[in-house]
Amino acid sequence: MSTVTNTPVPDVAAPPVGKRRRRLENHGKLAFWLLLPAAVAVFGVIVYPILRTLLISFFQVDSVLAVDTPFVGLGNYASALASPGFWASMGRTLYFTLTSTALELVLGLGLAALLNAPMKFRWLFRAVVVVPWAVPTIVNAAMWKGIFNAEYGAFNAVLLQLGLIDHYQAWLGDPFTSLNMVIVADVWKTTPLVAFFLLAGLTSIPKELYEAARLDRAGWPRMFRSIVLPLLVPSISIVVVLRTVEAFKVFDIIYGMTRGGPANGTQTIAYYTYVTAFSDQNYGVGSALSYLIVMVILILSTIYLRVLRRSGMSLV
């Protein structure tokens, strides 16, 4: 009687271990050389300026060509915090950020609900709504500057025809009024972006929840409070954080509409930093101001996320 032994058959197709190791090493080298240009670009465009700005914030730098730059430590930060202009611009920035973000959130939610409603040519309406966001910010600023013009602005003409005013007014001539007009221009441009963020959250809500609520004879206010708002908390959190960051460092629309005037009435903290660094040639304090902006944004974002998380839990 013969016995059959099961001897393993060598895998002739598998390459030797040394050959596979060399192949992996070649793949690693190829990946390294492919990623190297992107890494150099990221370091040169993002990482190096961040580290360089942090370094400059500890020195007294009064010119781009300055050779003698004494070390002042936290002196630039102390000088920035002691400046009345810093606190005045910070107050205007907080007002701009909170007001514009709140308006964009409310209007964006209403616009998102309208875009989510069943209607004919909904795709066309969605395409038209995104046009304000597609307009470059500097073009948007120039457009609204013309609309609010005291001599030929369309805003004055419309209000005059409606009988709301009896003569043309300089909407960009008063510090507080001009700041609110800049907010109007910013809200007009950014509300479509907020609406599409919230629209993504609305479309993800199961329709069965609405049907169950109708069976319980729940009206739209109750469905909004019990279904829509709790399930939109993640989308709202993203919108609030993104818009807070963008609104807090607003610069281009201020530059295009008012250049920080009149009487520094629209000089936000980002514009104040720009003036300090490039107009006053005080690069050390300007660099310190930029890092103070980052700190404030981190604090505001953390507070927003915690408040929204708690409110979302309570709404559920």
# chains A, B, ... in the order shown; residues from 1 in each chain; ligands from 1
$ residues_around --residues "stretch 173-190 of chain A" --least-positions-apart "3" --cutoff "6 Å" --atoms "only C-alpha atoms" --output "mmCIF file with N, CA, C and O atoms, in the first residue's frame"
data_model
loop_
_atom_site.group_PDB
_atom_site.id
_atom_site.type_symbol
_atom_site.label_atom_id
_atom_site.label_comp_id
_atom_site.auth_asym_id
_atom_site.auth_seq_id
_atom_site.Cartn_x
_atom_site.Cartn_y
_atom_site.Cartn_z
ATOM 1 N N SER A 100 -22.866 89.706 9.972
ATOM 2 C CA SER A 100 -22.890 89.094 8.642
ATOM 3 C C SER A 100 -23.134 87.592 8.726
ATOM 4 O O SER A 100 -23.906 87.035 7.930
ATOM 5 N N GLU A 104 -26.382 85.811 7.074
ATOM 6 C CA GLU A 104 -26.154 84.800 6.042
ATOM 7 C C GLU A 104 -26.737 83.459 6.447
ATOM 8 O O GLU A 104 -27.238 82.714 5.599
ATOM 9 N N PRO A 132 -24.083 85.263 -7.584
ATOM 10 C CA PRO A 132 -23.388 86.215 -6.699
ATOM 11 C C PRO A 132 -22.102 85.669 -6.096
ATOM 12 O O PRO A 132 -21.130 86.416 -5.942
ATOM 13 N N TRP A 133 -22.090 84.379 -5.759
ATOM 14 C CA TRP A 133 -20.872 83.798 -5.195
ATOM 15 C C TRP A 133 -19.774 83.700 -6.247
ATOM 16 O O TRP A 133 -18.581 83.772 -5.917
ATOM 17 N N ALA A 170 -25.499 110.003 1.354
ATOM 18 C CA ALA A 170 -24.167 109.392 1.228
ATOM 19 C C ALA A 170 -24.095 108.194 2.160
ATOM 20 O O ALA A 170 -23.741 108.321 3.337
ATOM 21 N N LEU A 193 -23.506 80.662 -0.982
ATOM 22 C CA LEU A 193 -22.620 79.592 -0.520
ATOM 23 C C LEU A 193 -23.188 78.932 0.733
ATOM 24 O O LEU A 193 -23.209 77.694 0.845
ATOM 25 N N PRO A 262 -15.142 105.817 6.120
ATOM 26 C CA PRO A 262 -14.600 107.125 6.512
ATOM 27 C C PRO A 262 -14.257 107.160 8.004
ATOM 28 O O PRO A 262 -14.910 106.501 8.810
ATOM 29 N N GLY A 265 -14.015 104.072 9.995
ATOM 30 C CA GLY A 265 -15.258 103.425 10.419
ATOM 31 C C GLY A 265 -15.412 102.008 9.931
ATOM 32 O O GLY A 265 -16.187 101.239 10.509
ATOM 33 N N THR A 266 -14.707 101.621 8.873
ATOM 34 C CA THR A 266 -14.780 100.252 8.357
ATOM 35 C C THR A 266 -13.419 99.555 8.440
ATOM 36 O O THR A 266 -13.196 98.572 7.739
#
$ select_by_dssp --residues "stretch 167-305 of chain A" --states "helix (DSSP H, G or I)" --output "VMD selection string"
chain A and resid 175 to 203 207 to 215 220 to 231 233 to 248 252 to 257 269 to 279 283 to 305
$ residues_around --residues "A:Ala113" --least-positions-apart "2" --cutoff "10 Å" --atoms "only C-alpha atoms" --output "PyMOL selection string"
chain A and resi 107-111+115-117+195+198-199+202-203
$ closest_residue --among "A:Phe58, A:Thr97, A:Tyr210, A:Arg22" --to "A:Met223" --atoms "only C-alpha atoms"
A:Tyr210
$ residues_around --residues "A:Met90" --least-positions-apart "4" --cutoff "12 Å" --atoms "only C-alpha atoms" --output "PDB file with N, CA and C atoms, in the first residue's frame"
ATOM      1  N   ALA A  80       0.812  96.051  20.423  1.00  0.00           N
ATOM      2  CA  ALA A  80      -0.445  95.912  19.683  1.00  0.00           C
ATOM      3  C   ALA A  80      -1.648  95.922  20.614  1.00  0.00           C
ATOM      4  N   LEU A  81      -1.545  95.203  21.728  1.00  0.00           N
ATOM      5  CA  LEU A  81      -2.659  95.138  22.676  1.00  0.00           C
ATOM      6  C   LEU A  81      -2.880  96.470  23.382  1.00  0.00           C
ATOM      7  N   SER A  83      -2.588  99.391  21.939  1.00  0.00           N
ATOM      8  CA  SER A  83      -2.992 100.409  20.973  1.00  0.00           C
ATOM      9  C   SER A  83      -4.518 100.576  20.964  1.00  0.00           C
ATOM     10  N   PRO A  84      -5.029 101.804  21.066  1.00  0.00           N
ATOM     11  CA  PRO A  84      -6.483 102.010  20.969  1.00  0.00           C
ATOM     12  C   PRO A  84      -7.037 101.607  19.610  1.00  0.00           C
ATOM     13  N   GLY A  85      -6.213 101.777  18.566  1.00  0.00           N
ATOM     14  CA  GLY A  85      -6.666 101.383  17.232  1.00  0.00           C
ATOM     15  C   GLY A  85      -6.926  99.896  17.122  1.00  0.00           C
ATOM     16  N   PHE A  86      -6.150  99.087  17.847  1.00  0.00           N
ATOM     17  CA  PHE A  86      -6.365  97.638  17.821  1.00  0.00           C
ATOM     18  C   PHE A  86      -7.731  97.284  18.383  1.00  0.00           C
ATOM     19  N   LEU A  94     -15.631  92.257  15.207  1.00  0.00           N
ATOM     20  CA  LEU A  94     -16.600  91.392  15.886  1.00  0.00           C
ATOM     21  C   LEU A  94     -18.024  91.719  15.451  1.00  0.00           C
ATOM     22  N   TYR A  95     -18.327  93.006  15.340  1.00  0.00           N
ATOM     23  CA  TYR A  95     -19.663  93.405  14.875  1.00  0.00           C
ATOM     24  C   TYR A  95     -19.897  92.915  13.453  1.00  0.00           C
ATOM     25  N   PHE A  96     -18.918  93.100  12.584  1.00  0.00           N
ATOM     26  CA  PHE A  96     -19.036  92.644  11.201  1.00  0.00           C
ATOM     27  C   PHE A  96     -19.212  91.135  11.139  1.00  0.00           C
ATOM     28  N   THR A  97     -18.416  90.412  11.913  1.00  0.00           N
ATOM     29  CA  THR A  97     -18.453  88.945  11.876  1.00  0.00           C
ATOM     30  C   THR A  97     -19.785  88.403  12.379  1.00  0.00           C
ATOM     31  N   PHE A 248     -13.989  87.224   9.864  1.00  0.00           N
ATOM     32  CA  PHE A 248     -13.089  87.865  10.818  1.00  0.00           C
ATOM     33  C   PHE A 248     -11.838  88.404  10.131  1.00  0.00           C
ATOM     34  N   LYS A 249     -11.407  87.769   9.060  1.00  0.00           N
ATOM     35  CA  LYS A 249     -10.224  88.256   8.353  1.00  0.00           C
ATOM     36  C   LYS A 249     -10.596  88.958   7.045  1.00  0.00           C
ATOM     37  N   VAL A 250     -11.788  89.569   7.034  1.00  0.00           N
ATOM     38  CA  VAL A 250     -12.242  90.251   5.829  1.00  0.00           C
ATOM     39  C   VAL A 250     -11.303  91.404   5.500  1.00  0.00           C
ATOM     40  N   GLY A 265     -14.015 104.072   9.995  1.00  0.00           N
ATOM     41  CA  GLY A 265     -15.258 103.425  10.419  1.00  0.00           C
ATOM     42  C   GLY A 265     -15.412 102.008   9.931  1.00  0.00           C
ATOM     43  N   THR A 266     -14.707 101.621   8.873  1.00  0.00           N
ATOM     44  CA  THR A 266     -14.780 100.252   8.357  1.00  0.00           C
ATOM     45  C   THR A 266     -13.419  99.555   8.440  1.00  0.00           C
ATOM     46  N   GLN A 267     -12.545 100.078   9.258  1.00  0.00           N
ATOM     47  CA  GLN A 267     -11.207  99.481   9.390  1.00  0.00           C
ATOM     48  C   GLN A 267     -11.285  98.263  10.310  1.00  0.00           C
ATOM     49  N   THR A 268     -11.376  97.093   9.713  1.00  0.00           N
ATOM     50  CA  THR A 268     -11.397  95.852  10.476  1.00  0.00           C
ATOM     51  C   THR A 268      -9.977  95.501  10.912  1.00  0.00           C
ATOM     52  N   ILE A 269      -9.862  94.438  11.695  1.00  0.00           N
ATOM     53  CA  ILE A 269      -8.564  94.083  12.251  1.00  0.00           C
ATOM     54  C   ILE A 269      -7.590  93.654  11.156  1.00  0.00           C
ATOM     55  N   ALA A 270      -8.091  93.003  10.100  1.00  0.00           N
ATOM     56  CA  ALA A 270      -7.207  92.608   8.999  1.00  0.00           C
ATOM     57  C   ALA A 270      -6.704  93.833   8.248  1.00  0.00           C
ATOM     58  N   TYR A 271      -7.593  94.797   8.028  1.00  0.00           N
ATOM     59  CA  TYR A 271      -7.169  96.017   7.340  1.00  0.00           C
ATOM     60  C   TYR A 271      -6.243  96.836   8.234  1.00  0.00           C
ATOM     61  N   TYR A 272      -6.503  96.852   9.528  1.00  0.00           N
ATOM     62  CA  TYR A 272      -5.631  97.542  10.477  1.00  0.00           C
ATOM     63  C   TYR A 272      -4.231  96.913  10.474  1.00  0.00           C
ATOM     64  N   THR A 273      -4.173  95.596  10.387  1.00  0.00           N
ATOM     65  CA  THR A 273      -2.887  94.897  10.298  1.00  0.00           C
ATOM     66  C   THR A 273      -2.157  95.267   9.014  1.00  0.00           C
ATOM     67  N   LEU A 289       0.185  91.257  15.137  1.00  0.00           N
ATOM     68  CA  LEU A 289      -1.262  91.398  14.941  1.00  0.00           C
ATOM     69  C   LEU A 289      -1.842  90.208  14.175  1.00  0.00           C
ATOM     70  N   LEU A 292      -2.287  87.444  16.566  1.00  0.00           N
ATOM     71  CA  LEU A 292      -3.401  87.724  17.468  1.00  0.00           C
ATOM     72  C   LEU A 292      -4.736  87.425  16.789  1.00  0.00           C
ATOM     73  N   ILE A 293      -4.818  87.693  15.493  1.00  0.00           N
ATOM     74  CA  ILE A 293      -6.023  87.361  14.734  1.00  0.00           C
ATOM     75  C   ILE A 293      -6.253  85.855  14.746  1.00  0.00           C
ATOM     76  N   VAL A 296      -7.646  84.759  18.145  1.00  0.00           N
ATOM     77  CA  VAL A 296      -9.061  85.123  18.336  1.00  0.00           C
ATOM     78  C   VAL A 296      -9.965  84.212  17.511  1.00  0.00           C
ATOM     79  N   ILE A 297      -9.548  83.890  16.288  1.00  0.00           N
ATOM     80  CA  ILE A 297     -10.348  82.995  15.441  1.00  0.00           C
ATOM     81  C   ILE A 297     -10.456  81.610  16.070  1.00  0.00           C
TER      82      ILE A 297
END
$ atom_distance --atom1 "atom CA of A:Pro234" --atom2 "atom CA of A:Val106"
15.7 Å
$ residues_around --residues "A:Phe155" --least-positions-apart "6" --cutoff "10 Å" --atoms "only C-alpha atoms" --output "list in words"
Trp144, Gly146, Ile147, Phe148, Asn149, Tyr168, Gln169 and Trp171 of chain A
$ atom_distance --atom1 "atom CA of A:Ala41" --atom2 "atom CA of A:Tyr291"
22.5 Å
$ closest_residue --among "A:Leu105, A:Ala263, A:Ile227, A:Val135" --to "A:Glu208" --atoms "only C-alpha atoms"
A:Ile227
$ residues_around --residues "A:Ile165" --least-positions-apart "6" --cutoff "12 Å" --atoms "only C-alpha atoms" --output "PyMOL selection string"
chain A and resi 155-159
$ closest_residue --among "A:Asp166, A:Asn282, A:Ala277, A:Thr244" --to "A:Leu305" --atoms "only C-alpha atoms"
A:Thr244
$ residues_around --residues "A:Val228" --least-positions-apart "3" --cutoff "12 Å" --atoms "only C-alpha atoms" --output "number ranges by chain"
A: 109, 112-113, 198-199, 201-207, 209-210, 213, 220-225, 231-236, 312, 315-316
$ closest_residue --among "A:Val131, A:Ala288, A:Leu172, A:Met257" --to "A:Ala150" --atoms "only C-alpha atoms"
A:Leu172
